[in-house]
>>> print(open('work.cif').read())   # mmCIF, C-alpha atoms and all ligand atoms
data_run
loop_
_atom_site.label_atom_id
_atom_site.label_comp_id
_atom_site.auth_asym_id
_atom_site.auth_seq_id
_atom_site.Cartn_x
_atom_site.Cartn_y
_atom_site.Cartn_z
CA MET A 215 39.64 -40.47 10.29
CA SER A 216 37.79 -41.06 13.50
CA SER A 217 37.79 -44.88 13.01
CA GLU A 218 41.50 -44.76 12.34
CA ARG A 219 42.01 -42.79 15.57
CA LYS A 220 40.10 -45.43 17.56
CA ASP A 221 42.39 -48.15 16.19
CA GLU A 222 45.48 -46.08 16.95
CA HIS A 223 44.36 -45.40 20.52
CA VAL A 224 44.06 -49.13 21.18
CA ARG A 225 47.37 -49.91 19.46
CA LEU A 226 49.26 -47.20 21.36
CA ALA A 227 47.57 -47.89 24.70
CA GLU A 228 48.92 -51.43 24.39
CA GLU A 229 52.34 -50.37 23.06
CA LEU A 230 52.85 -47.83 25.87
CA HIS A 231 51.29 -50.01 28.58
CA ASP A 232 53.71 -50.09 31.51
CA GLU A 233 52.68 -51.41 34.90
CA SER A 234 55.91 -50.32 36.56
CA ARG A 235 54.85 -46.66 36.33
CA ARG A 236 54.19 -44.94 39.66
CA GLY A 237 50.54 -44.08 40.02
CA GLY A 238 50.22 -43.38 43.71
CA PHE A 239 48.78 -46.74 44.75
CA ASP A 240 52.19 -47.87 46.04
CA ASP A 241 52.13 -44.96 48.51
CA VAL A 242 49.09 -46.47 50.25
CA ARG A 243 49.80 -49.24 52.78
CA PHE A 244 47.49 -51.20 55.03
CA LEU A 245 48.54 -52.01 58.58
CA HIS A 246 48.86 -55.78 58.74
CA ARG A 247 46.50 -57.53 61.14
CA SER A 248 47.61 -60.88 62.55
CA PHE A 249 44.13 -61.55 63.98
CA PRO A 250 41.57 -60.34 61.42
CA GLY A 251 38.85 -62.32 63.22
CA LEU A 252 36.80 -63.45 60.24
CA ALA A 253 36.59 -66.18 57.58
CA VAL A 254 36.95 -65.63 53.85
CA ALA A 255 33.47 -67.16 53.55
CA ASP A 256 32.10 -64.26 55.65
CA VAL A 257 33.33 -61.64 53.18
CA SER A 258 31.05 -59.81 50.79
CA THR A 259 32.81 -57.64 48.20
CA GLY A 260 29.57 -56.35 46.69
CA THR A 261 28.74 -52.69 46.23
CA ARG A 262 25.77 -50.59 45.26
CA ILE A 263 26.05 -48.27 42.28
CA ALA A 264 23.33 -46.19 40.67
CA GLY A 265 20.65 -47.94 42.68
CA ARG A 266 21.80 -51.42 41.64
CA ASP A 267 23.75 -54.11 43.47
CA TRP A 268 27.05 -55.11 41.88
CA THR A 269 28.55 -58.40 43.07
CA ALA A 270 32.05 -57.25 42.04
CA PRO A 271 33.45 -53.86 43.15
CA PHE A 272 35.44 -53.35 39.93
CA TYR A 273 34.43 -52.91 36.28
CA ILE A 274 35.76 -52.71 32.76
CA ASN A 275 36.03 -48.98 32.17
CA ALA A 276 35.41 -46.99 28.99
CA MET A 277 37.63 -47.78 26.05
CA THR A 278 36.48 -48.28 22.58
CA GLY A 279 34.18 -48.78 19.60
CA GLY A 280 33.82 -46.83 16.36
CA SER A 281 35.81 -49.03 13.96
CA GLU A 282 35.62 -52.61 12.75
CA ARG A 283 38.53 -53.75 14.93
CA THR A 284 37.35 -51.95 18.04
CA GLY A 285 33.85 -53.36 17.48
CA ARG A 286 35.40 -56.84 17.72
CA LEU A 287 37.24 -55.78 20.89
CA ASN A 288 33.98 -54.47 22.39
CA ALA A 289 32.35 -57.84 21.66
CA GLN A 290 35.16 -59.63 23.49
CA LEU A 291 35.25 -57.22 26.43
CA ALA A 292 31.50 -57.62 26.79
CA ARG A 293 31.70 -61.42 26.59
CA ALA A 294 34.29 -61.35 29.36
CA ALA A 295 32.18 -58.97 31.48
CA ALA A 296 29.16 -61.23 31.05
CA GLU A 297 31.07 -64.42 31.91
CA ALA A 298 32.69 -62.90 35.00
CA GLY A 299 29.66 -60.90 36.18
CA VAL A 300 31.25 -57.45 36.11
CA ALA A 301 29.95 -54.15 34.76
CA ILE A 302 31.29 -52.65 31.54
CA ALA A 303 31.42 -49.19 29.94
CA SER A 304 31.63 -48.53 26.21
CA GLY A 305 34.10 -46.13 24.69
CA SER A 306 32.85 -42.75 23.54
CA VAL A 307 29.78 -43.22 21.32
CA SER A 308 30.45 -39.81 19.68
CA ALA A 309 31.68 -41.39 16.44
CA ALA A 310 28.44 -43.34 16.02
CA LEU A 311 26.37 -40.26 16.82
CA ARG A 312 27.99 -38.62 13.79
CA GLU A 313 28.03 -41.75 11.62
CA PRO A 314 25.17 -44.19 12.32
CA ALA A 315 26.91 -46.92 10.26
CA LEU A 316 29.24 -47.32 13.27
CA GLU A 317 26.41 -48.07 15.71
CA PRO A 318 26.85 -51.88 15.55
CA THR A 319 30.40 -51.52 16.96
CA PHE A 320 28.79 -50.29 20.21
CA ARG A 321 25.50 -52.22 20.14
CA VAL A 322 27.56 -55.40 20.23
CA ILE A 323 28.26 -54.76 23.94
CA ARG A 324 24.63 -55.26 24.92
CA GLU A 325 24.28 -58.16 22.49
CA GLN A 326 27.20 -59.99 24.12
CA ALA A 327 26.30 -59.01 27.70
CA PRO A 328 22.50 -59.00 27.90
CA GLU A 329 22.40 -59.08 31.71
CA ALA A 330 25.42 -56.91 32.53
CA PHE A 331 25.34 -53.43 34.01
CA VAL A 332 26.34 -51.39 30.94
CA LEU A 333 27.41 -47.75 30.84
CA ALA A 334 27.28 -45.75 27.60
CA ASN A 335 29.87 -42.98 27.17
CA VAL A 336 29.62 -39.55 25.55
CA SER A 337 31.53 -36.27 25.59
CA PRO A 338 30.21 -33.02 27.09
CA GLU A 339 29.76 -31.86 23.49
CA ALA A 340 26.83 -34.29 23.08
CA THR A 341 23.37 -32.76 23.15
CA PRO A 342 20.90 -34.19 25.70
CA GLU A 343 19.13 -35.93 22.77
CA GLN A 344 22.38 -37.48 21.56
CA ALA A 345 23.17 -38.66 25.08
CA ARG A 346 19.75 -40.32 25.30
CA HIS A 347 20.36 -41.92 21.92
CA ALA A 348 23.70 -43.32 23.14
CA VAL A 349 21.95 -44.84 26.17
CA ALA A 350 19.22 -46.34 23.98
CA LEU A 351 21.77 -47.77 21.54
CA LEU A 352 23.32 -49.89 24.29
CA SER A 353 20.17 -50.28 26.41
CA ALA A 354 22.55 -48.83 28.99
CA ASP A 355 21.91 -48.79 32.72
CA ALA A 356 23.92 -45.59 33.22
CA LEU A 357 25.69 -42.91 31.22
CA GLN A 358 29.29 -41.76 31.51
CA ILE A 359 30.31 -38.28 30.35
CA HIS A 360 34.04 -38.03 29.82
CA VAL A 361 36.00 -34.82 30.37
CA ASN A 362 39.34 -34.81 28.58
CA VAL A 363 40.65 -31.26 28.23
CA ALA A 364 44.31 -32.33 28.42
CA GLN A 365 43.81 -34.85 25.61
CA GLU A 366 41.86 -32.45 23.36
CA LEU A 367 44.50 -29.74 23.72
CA VAL A 368 47.40 -31.93 22.61
CA MET A 369 45.43 -33.30 19.62
CA PRO A 370 45.84 -30.96 16.61
CA GLU A 371 42.26 -31.85 15.61
CA GLY A 372 40.99 -31.60 19.23
CA ASP A 373 38.55 -29.10 20.77
CA ARG A 374 39.88 -25.71 21.78
CA ASP A 375 36.82 -24.20 23.43
CA PHE A 376 35.74 -25.61 26.79
CA THR A 377 33.39 -22.83 27.80
CA GLY A 378 30.03 -24.10 28.85
CA TRP A 379 31.04 -27.70 29.59
CA LEU A 380 29.57 -27.64 33.09
CA ASP A 381 26.29 -26.25 31.76
CA ARG A 382 26.24 -28.82 28.96
CA ILE A 383 26.81 -31.58 31.50
CA ALA A 384 24.00 -30.18 33.67
CA ALA A 385 21.65 -30.24 30.66
CA ILE A 386 22.53 -33.88 29.88
CA VAL A 387 22.01 -34.87 33.53
CA ALA A 388 18.64 -33.08 33.68
CA ALA A 389 17.41 -34.89 30.55
CA SER A 390 18.81 -38.33 31.33
CA ASP A 391 16.54 -41.21 32.36
CA VAL A 392 19.52 -43.14 33.74
CA PRO A 393 22.13 -42.19 36.38
CA VAL A 394 25.07 -40.17 35.06
CA VAL A 395 28.74 -40.59 36.01
CA VAL A 396 31.16 -37.83 35.00
CA LYS A 397 34.67 -39.16 34.50
CA GLU A 398 38.15 -37.99 33.61
CA VAL A 399 40.22 -40.02 31.17
CA GLY A 400 43.39 -40.41 33.24
CA PHE A 401 44.28 -36.91 34.48
CA GLY A 402 42.24 -36.89 37.70
CA LEU A 403 39.03 -35.09 38.70
CA GLY A 404 40.13 -32.81 41.50
CA ARG A 405 38.23 -31.47 44.46
CA GLU A 406 37.32 -28.20 42.72
CA ALA A 407 36.03 -30.07 39.65
CA VAL A 408 33.95 -32.47 41.75
CA THR A 409 32.52 -29.58 43.79
CA ALA A 410 31.56 -27.73 40.58
CA LEU A 411 29.96 -30.91 39.18
CA VAL A 412 27.89 -31.39 42.33
CA GLU A 413 26.72 -27.78 42.00
CA HIS A 414 25.61 -28.67 38.46
CA GLY A 415 23.46 -31.61 39.54
CA VAL A 416 25.97 -34.43 39.15
CA THR A 417 25.69 -37.18 41.77
CA ALA A 418 28.42 -39.62 40.65
CA VAL A 419 31.99 -39.19 39.41
CA ASP A 420 34.93 -41.40 38.44
CA VAL A 421 38.08 -39.48 39.33
CA SER A 422 40.17 -41.45 36.77
CA GLY A 423 43.65 -40.28 37.69
CA ARG A 424 47.10 -40.47 36.13
CA GLY A 425 49.56 -43.31 36.42
CA GLY A 426 48.05 -45.77 33.95
CA THR A 427 46.93 -45.01 30.41
CA ASP A 428 48.30 -41.57 29.50
CA PHE A 429 46.49 -39.88 26.63
CA ILE A 430 49.11 -37.16 26.34
CA ALA A 431 51.70 -39.87 25.66
CA ILE A 432 49.31 -41.63 23.27
CA GLU A 433 48.52 -38.45 21.32
CA ASN A 434 52.21 -37.56 21.16
CA HIS A 435 53.04 -40.96 19.71
CA ARG A 436 50.40 -40.57 17.01
CA ARG A 437 52.52 -37.86 15.43
CA LEU A 438 56.04 -37.64 14.11
CA ARG A 439 56.64 -34.39 15.96
CA SER A 440 55.46 -34.84 19.49
CA GLU A 441 55.44 -31.25 20.67
CA TYR A 442 53.97 -31.95 24.07
CA GLY A 443 56.14 -34.86 25.17
CA TYR A 444 57.12 -32.98 28.31
CA LEU A 445 53.49 -33.02 29.51
CA THR A 446 53.49 -36.79 29.96
CA GLY A 447 52.54 -37.53 33.58
CA TRP A 448 50.26 -34.46 33.85
CA GLY A 449 47.48 -34.51 36.42
CA GLN A 450 46.68 -36.08 39.77
CA THR A 451 46.57 -39.75 40.65
CA ALA A 452 43.37 -41.52 41.62
CA VAL A 453 44.71 -41.78 45.18
CA GLU A 454 45.38 -38.03 45.36
CA CYS A 455 41.89 -37.31 44.03
CA LEU A 456 40.22 -39.68 46.50
CA LEU A 457 42.11 -38.09 49.38
CA ASP A 458 41.29 -34.57 48.24
CA VAL A 459 37.59 -35.23 47.58
CA LEU A 460 36.81 -37.53 50.51
CA HIS A 461 39.44 -37.01 53.22
CA ARG A 462 39.94 -33.28 53.77
CA ALA A 463 40.14 -32.36 57.45
CA PRO A 464 37.02 -30.55 58.75
CA GLU A 465 38.97 -27.28 59.06
CA HIS A 466 39.86 -27.59 55.34
CA GLY A 467 36.30 -28.18 54.18
CA GLY A 468 35.77 -31.86 55.02
CA PRO A 469 34.61 -34.41 52.43
CA VAL A 470 32.66 -33.24 49.37
CA GLU A 471 29.07 -34.25 50.14
CA GLY A 472 26.34 -35.56 47.90
CA VAL A 473 28.39 -37.50 45.41
CA THR A 474 29.18 -41.18 44.82
CA VAL A 475 32.87 -41.46 43.99
CA LEU A 476 34.28 -44.14 41.72
CA ALA A 477 37.98 -44.43 40.99
CA SER A 478 40.17 -45.53 38.10
CA GLY A 479 43.52 -44.80 36.51
CA GLY A 480 46.59 -46.98 36.91
CA VAL A 481 44.88 -49.92 38.60
CA ARG A 482 47.12 -52.97 38.03
CA THR A 483 46.17 -55.53 40.70
CA PRO A 484 43.36 -56.48 43.09
CA LEU A 485 45.44 -54.77 45.81
CA ASP A 486 45.09 -51.45 43.94
CA VAL A 487 41.31 -52.06 43.86
CA LEU A 488 41.40 -52.69 47.62
CA ARG A 489 43.37 -49.48 48.20
CA ALA A 490 40.93 -47.37 46.17
CA LEU A 491 37.92 -48.91 47.91
CA ALA A 492 39.50 -48.35 51.33
CA LEU A 493 39.98 -44.69 50.40
CA GLY A 494 36.26 -44.36 49.75
CA ALA A 495 35.70 -45.38 46.12
CA ARG A 496 32.41 -47.25 45.72
CA ALA A 497 33.75 -49.18 42.70
CA VAL A 498 36.96 -49.22 40.71
CA GLY A 499 37.36 -49.04 36.92
CA VAL A 500 40.13 -50.70 34.95
CA SER A 501 40.94 -50.07 31.30
CA GLY A 502 44.59 -50.43 30.27
CA HIS A 503 45.34 -53.57 32.28
CA PHE A 504 42.30 -55.52 31.05
CA LEU A 505 42.91 -54.36 27.46
CA HIS A 506 46.50 -55.56 27.79
CA VAL A 507 45.37 -59.01 28.97
CA LEU A 508 42.85 -59.28 26.13
CA VAL A 509 45.18 -58.10 23.36
CA SER A 510 48.25 -60.00 24.53
CA SER A 511 46.62 -63.23 25.79
CA GLY A 512 43.09 -63.48 24.39
CA LEU A 513 39.49 -63.70 25.55
CA GLU A 514 39.80 -66.80 27.74
CA ALA A 515 42.72 -65.20 29.58
CA LEU A 516 40.69 -62.05 30.24
CA ILE A 517 37.76 -64.07 31.59
CA ALA A 518 40.16 -65.99 33.86
CA GLU A 519 41.72 -62.71 35.01
CA LEU A 520 38.36 -61.16 35.91
CA VAL A 521 37.23 -64.27 37.79
CA SER A 522 40.56 -64.47 39.58
CA TRP A 523 40.40 -60.79 40.61
CA ARG A 524 36.97 -61.42 42.14
CA GLN A 525 38.34 -64.32 44.17
CA GLN A 526 41.52 -62.49 45.16
CA LEU A 527 39.51 -59.51 46.40
CA ARG A 528 37.61 -61.73 48.84
CA THR A 529 40.97 -62.96 50.13
CA LEU A 530 42.30 -59.42 50.46
CA PHE A 531 39.20 -58.22 52.33
CA ALA A 532 39.82 -61.06 54.80
CA LEU A 533 43.51 -60.17 55.04
CA VAL A 534 42.67 -56.67 56.27
CA GLY A 535 39.81 -57.91 58.46
CA ALA A 536 37.01 -56.31 56.43
CA ARG A 537 33.73 -58.19 56.12
CA ASP A 538 32.34 -55.75 53.55
CA LEU A 539 32.91 -52.41 51.87
CA ALA A 540 31.73 -50.37 54.85
CA ALA A 541 34.23 -52.17 57.12
CA LEU A 542 37.01 -51.80 54.54
CA GLN A 543 36.49 -48.04 54.51
CA GLU A 544 37.30 -48.01 58.25
CA ALA A 545 40.67 -49.75 57.71
CA ASP A 546 43.86 -48.11 58.99
CA LEU A 547 45.99 -46.81 56.12
CA LEU A 548 49.44 -45.28 55.88
CA VAL A 549 49.92 -42.75 53.09
CA THR A 550 53.59 -42.24 52.31
CA GLY A 551 55.92 -40.80 49.64
CA PRO A 552 54.81 -38.13 47.15
CA THR A 553 51.15 -38.88 47.95
CA GLY A 554 51.81 -38.22 51.64
CA GLU A 555 53.35 -34.87 50.66
CA PHE A 556 50.30 -34.05 48.49
CA ALA A 557 48.04 -34.91 51.44
CA ARG A 558 49.99 -32.61 53.76
CA LEU A 559 49.84 -29.69 51.28
CA ARG A 560 46.10 -30.12 50.73
CA GLY A 561 45.05 -30.34 54.39
CA ILE A 562 44.06 -33.99 54.35
CA ASP A 563 43.35 -35.87 57.57
C1 LIG A 601 40.24 -45.01 27.12
N1 LIG A 601 39.55 -44.16 27.98
C2 LIG A 601 38.36 -43.59 27.57
N2 LIG A 601 37.56 -42.95 28.46
C3 LIG A 601 36.37 -42.45 28.08
O1 LIG A 601 35.65 -41.93 28.93
N3 LIG A 601 35.96 -42.53 26.77
C4 LIG A 601 36.71 -43.15 25.83
O2 LIG A 601 36.32 -43.25 24.66
C5 LIG A 601 37.96 -43.70 26.22
N4 LIG A 601 38.78 -44.32 25.31
C6 LIG A 601 39.86 -45.06 25.76
C7 LIG A 601 40.55 -45.88 24.87
C8 LIG A 601 41.58 -46.70 25.33
C9 LIG A 601 42.29 -47.60 24.36
C10 LIG A 601 41.93 -46.69 26.71
C11 LIG A 601 43.03 -47.58 27.23
C12 LIG A 601 41.29 -45.84 27.57
C13 LIG A 601 40.06 -43.83 29.34
C14 LIG A 601 39.71 -44.88 30.38
O3 LIG A 601 38.33 -45.03 30.57
C15 LIG A 601 40.37 -44.52 31.73
O4 LIG A 601 39.81 -43.34 32.22
C16 LIG A 601 41.88 -44.35 31.61
O5 LIG A 601 42.39 -45.24 30.64
C17 LIG A 601 42.61 -44.60 32.92
O6 LIG A 601 42.46 -45.95 33.33
P1 LIG A 601 43.59 -47.08 33.11
O7 LIG A 601 43.70 -47.33 31.64
O8 LIG A 601 44.87 -46.52 33.67
O9 LIG A 601 43.06 -48.28 33.83
#
>>> encode(input="work.cif", output="structure tokens", more="lines below")
Ligand code: FNR
Amino acid sequence: MSSERKDEHVRLAEELHDESRRGGFDDVRFLHRSFPGLAVADVSTGTRIAGRDWTAPFYINAMTGGSERTGRLNAQLARAAAEAGVAIASGSVSAALREPALEPTFRVIREQAPEAFVLANVSPEATPEQARHAVALLSADALQIHVNVAQELVMPEGDRDFTGWLDRIAAIVAASDVPVVVKEVGFGLGREAVTALVEHGVTAVDVSGRGGTDFIAIENHRRLRSEYGYLTGWGQTAVECLLDVLHRAPEHGGPVEGVTVLASGGVRTPLDVLRALALGARAVGVSGHFLHVLVSSGLEALIAELVSWRQQLRTLFALVGARDLAALQEADLLVTGPTGEFARLRGID
């Protein structure tokens, strides 16, 4: 059942993939600079995550594993990550924690990307021991814990009891030998959630907002009767989350302190990566778009895409006059449209 679900998630993510959907990134505009005053060769797009230097500020975010087909996809995603020098996260290892025969469909990531920065992924339902096992399985450099209440609730077989998740996350963090990133799955970690996570010992989050892969839409399409179709589009965008967590005016609480913020959800182009970085993300995750390139055009096309994104980002940094990430985060931005309205309502500078 669980293997079948993994295959269906990939099939439907691809079938429903739609890059024309509004995810908030289009509301963020840079002011053009005719005299940026630097050379492309001067630009460094590197970042530092979990105590390690990344040469690329974007990564292949959590997707899959747990079935024969998704094991093959993991192998290809990992090959591409290794070739292009980007980090990669596995999909939820929960299935293999229940059924050890599925472990090779995750282990393949480390086999194909021996040098890459790899993140293992578990749910808050994992025990600290299971989380450590997931990290060991992939020789992972970091651990992601995904929170997916909206997805669970629309799945007939999903969890119904979310009491204790923050305490469970705190226990995993306390027992983990590697840095932990708590992430949403496309509905957006809001300011209140990030604040609560920090209070529970979490030091890194991926806000993973709406606008790209939509698990309510995916779960609805898995069934003949899609009761919750009207919930499609639920949640906050990555841009809204970044603004709310990092850009509140001092009189409205200021930025949430003590947490490294990553962003994902609806990232379609290197310009979206640039926008998220400029809003304070330390790195940017991409799932649906890279899966789409792999499934529709193959492994070589995905490698070419990743390499091209790295090059394009250097160009874009130069375009806005930013020598590095710190300079980019000083760039002048205009926030318009529905995101501008959100910012006004939430007391954002
Ligand atoms: C996901 N995502 C995901 N996230 C997670 O933490 N654990 C998981 O197992 C999965 N599984 C999964 C399968 C597939 C097929 C996709 C496309 C995505 C969610 C993913 O990491 C990300 O948070 C969202 O997809 C939003 O990013 P994009 O797809 O809009 O770039």
>>> closest_atom_pairs(input="work.cif", of="chain A", to="ligand LIG 601 (chain A)", cutoff="6 Å", atoms="all atoms listed in the file", output="CSV")
residue,atom,partner,partner_atom,distance
A:His223,CA,A:LIG601,C9,4.9
A:Val224,CA,A:LIG601,C9,3.9
A:Ala227,CA,A:LIG601,C11,5.2
A:Asn275,CA,A:LIG601,O3,4.8
A:Ala276,CA,A:LIG601,O3,3.9
A:Met277,CA,A:LIG601,C6,3.5
A:Thr278,CA,A:LIG601,C7,5.3
A:Gly305,CA,A:LIG601,O2,3.6
A:Ser306,CA,A:LIG601,O2,3.7
A:His360,CA,A:LIG601,O1,4.3
A:Glu398,CA,A:LIG601,O4,5.8
A:Val399,CA,A:LIG601,O4,3.5
A:Gly400,CA,A:LIG601,C17,4.3
A:Ser422,CA,A:LIG601,O4,4.9
A:Gly426,CA,A:LIG601,O8,3.3
A:Thr427,CA,A:LIG601,O8,4.1
A:Ser478,CA,A:LIG601,O6,5.3
A:Gly479,CA,A:LIG601,O6,3.5
A:Gly480,CA,A:LIG601,O8,3.7
A:Val481,CA,A:LIG601,O9,5.4
A:Val500,CA,A:LIG601,O9,4.0
A:Ser501,CA,A:LIG601,O9,3.8
A:Gly502,CA,A:LIG601,O7,3.5
A:His503,CA,A:LIG601,O9,6.0
>>> atom_distance(input="work.cif", atom1="atom CA of Thr319 of chain A", atom2="atom CA of Ile386 of chain A")
23.2 Å
>>> residues_around(input="work.cif", residues="segment 291-304 of chain A", least_positions_apart="2", cutoff="9 Å", atoms="all atoms listed in the file", output="ChimeraX atom specification")
/A:268-279,286-289,306-307,320,322-335,352,354,356-358,499,504-505,508,513-514,516-518,520-521,524
>>> atom_distance(input="work.cif", atom1="atom CA of Glu366 of chain A", atom2="atom CA of Arg437 of chain A")
14.3 Å
>>> atom_distance(input="work.cif", atom1="atom CA of Glu222 of chain A", atom2="atom CA of Ala350 of chain A")
27.2 Å
>>> axis_aligned_box(input="work.cif", around="segment 381-393 of chain A", padding_each_side="3 Å", output="AutoDock Vina command-line options")
--center_x 21.7 --center_y -34.7 --center_z 32.7 --size_x 16.3 --size_y 22.9 --size_z 13.4
>>> residues_around(input="work.cif", residues="Val363 of chain A", least_positions_apart="5", cutoff="10 Å", atoms="all atoms listed in the file", output="list in words")
Val368, Gly372, Asp373, Arg374, Asp375, Phe376, Glu398, Val399 and Phe401 of chain A
>>> closest_residue(input="work.cif", among="A:Phe249, A:Phe429, A:Phe531, A:Tyr444", to="Gln365 of chain A", atoms="only C-alpha atoms")
A:Phe429
>>> closest_residue(input="work.cif", among="A:Val392, A:Ala340, A:Ala255, A:Cys455", to="Arg424 of chain A", atoms="only C-alpha atoms")
A:Cys455
>>> residues_near_point(input="work.cif", point="(17.8, -31.1, 36.1)", cutoff="12 Å", atoms="all atoms listed in the file", output="NGL selection string")
:A and (342 or 381-391 or 393-394 or 412-417)
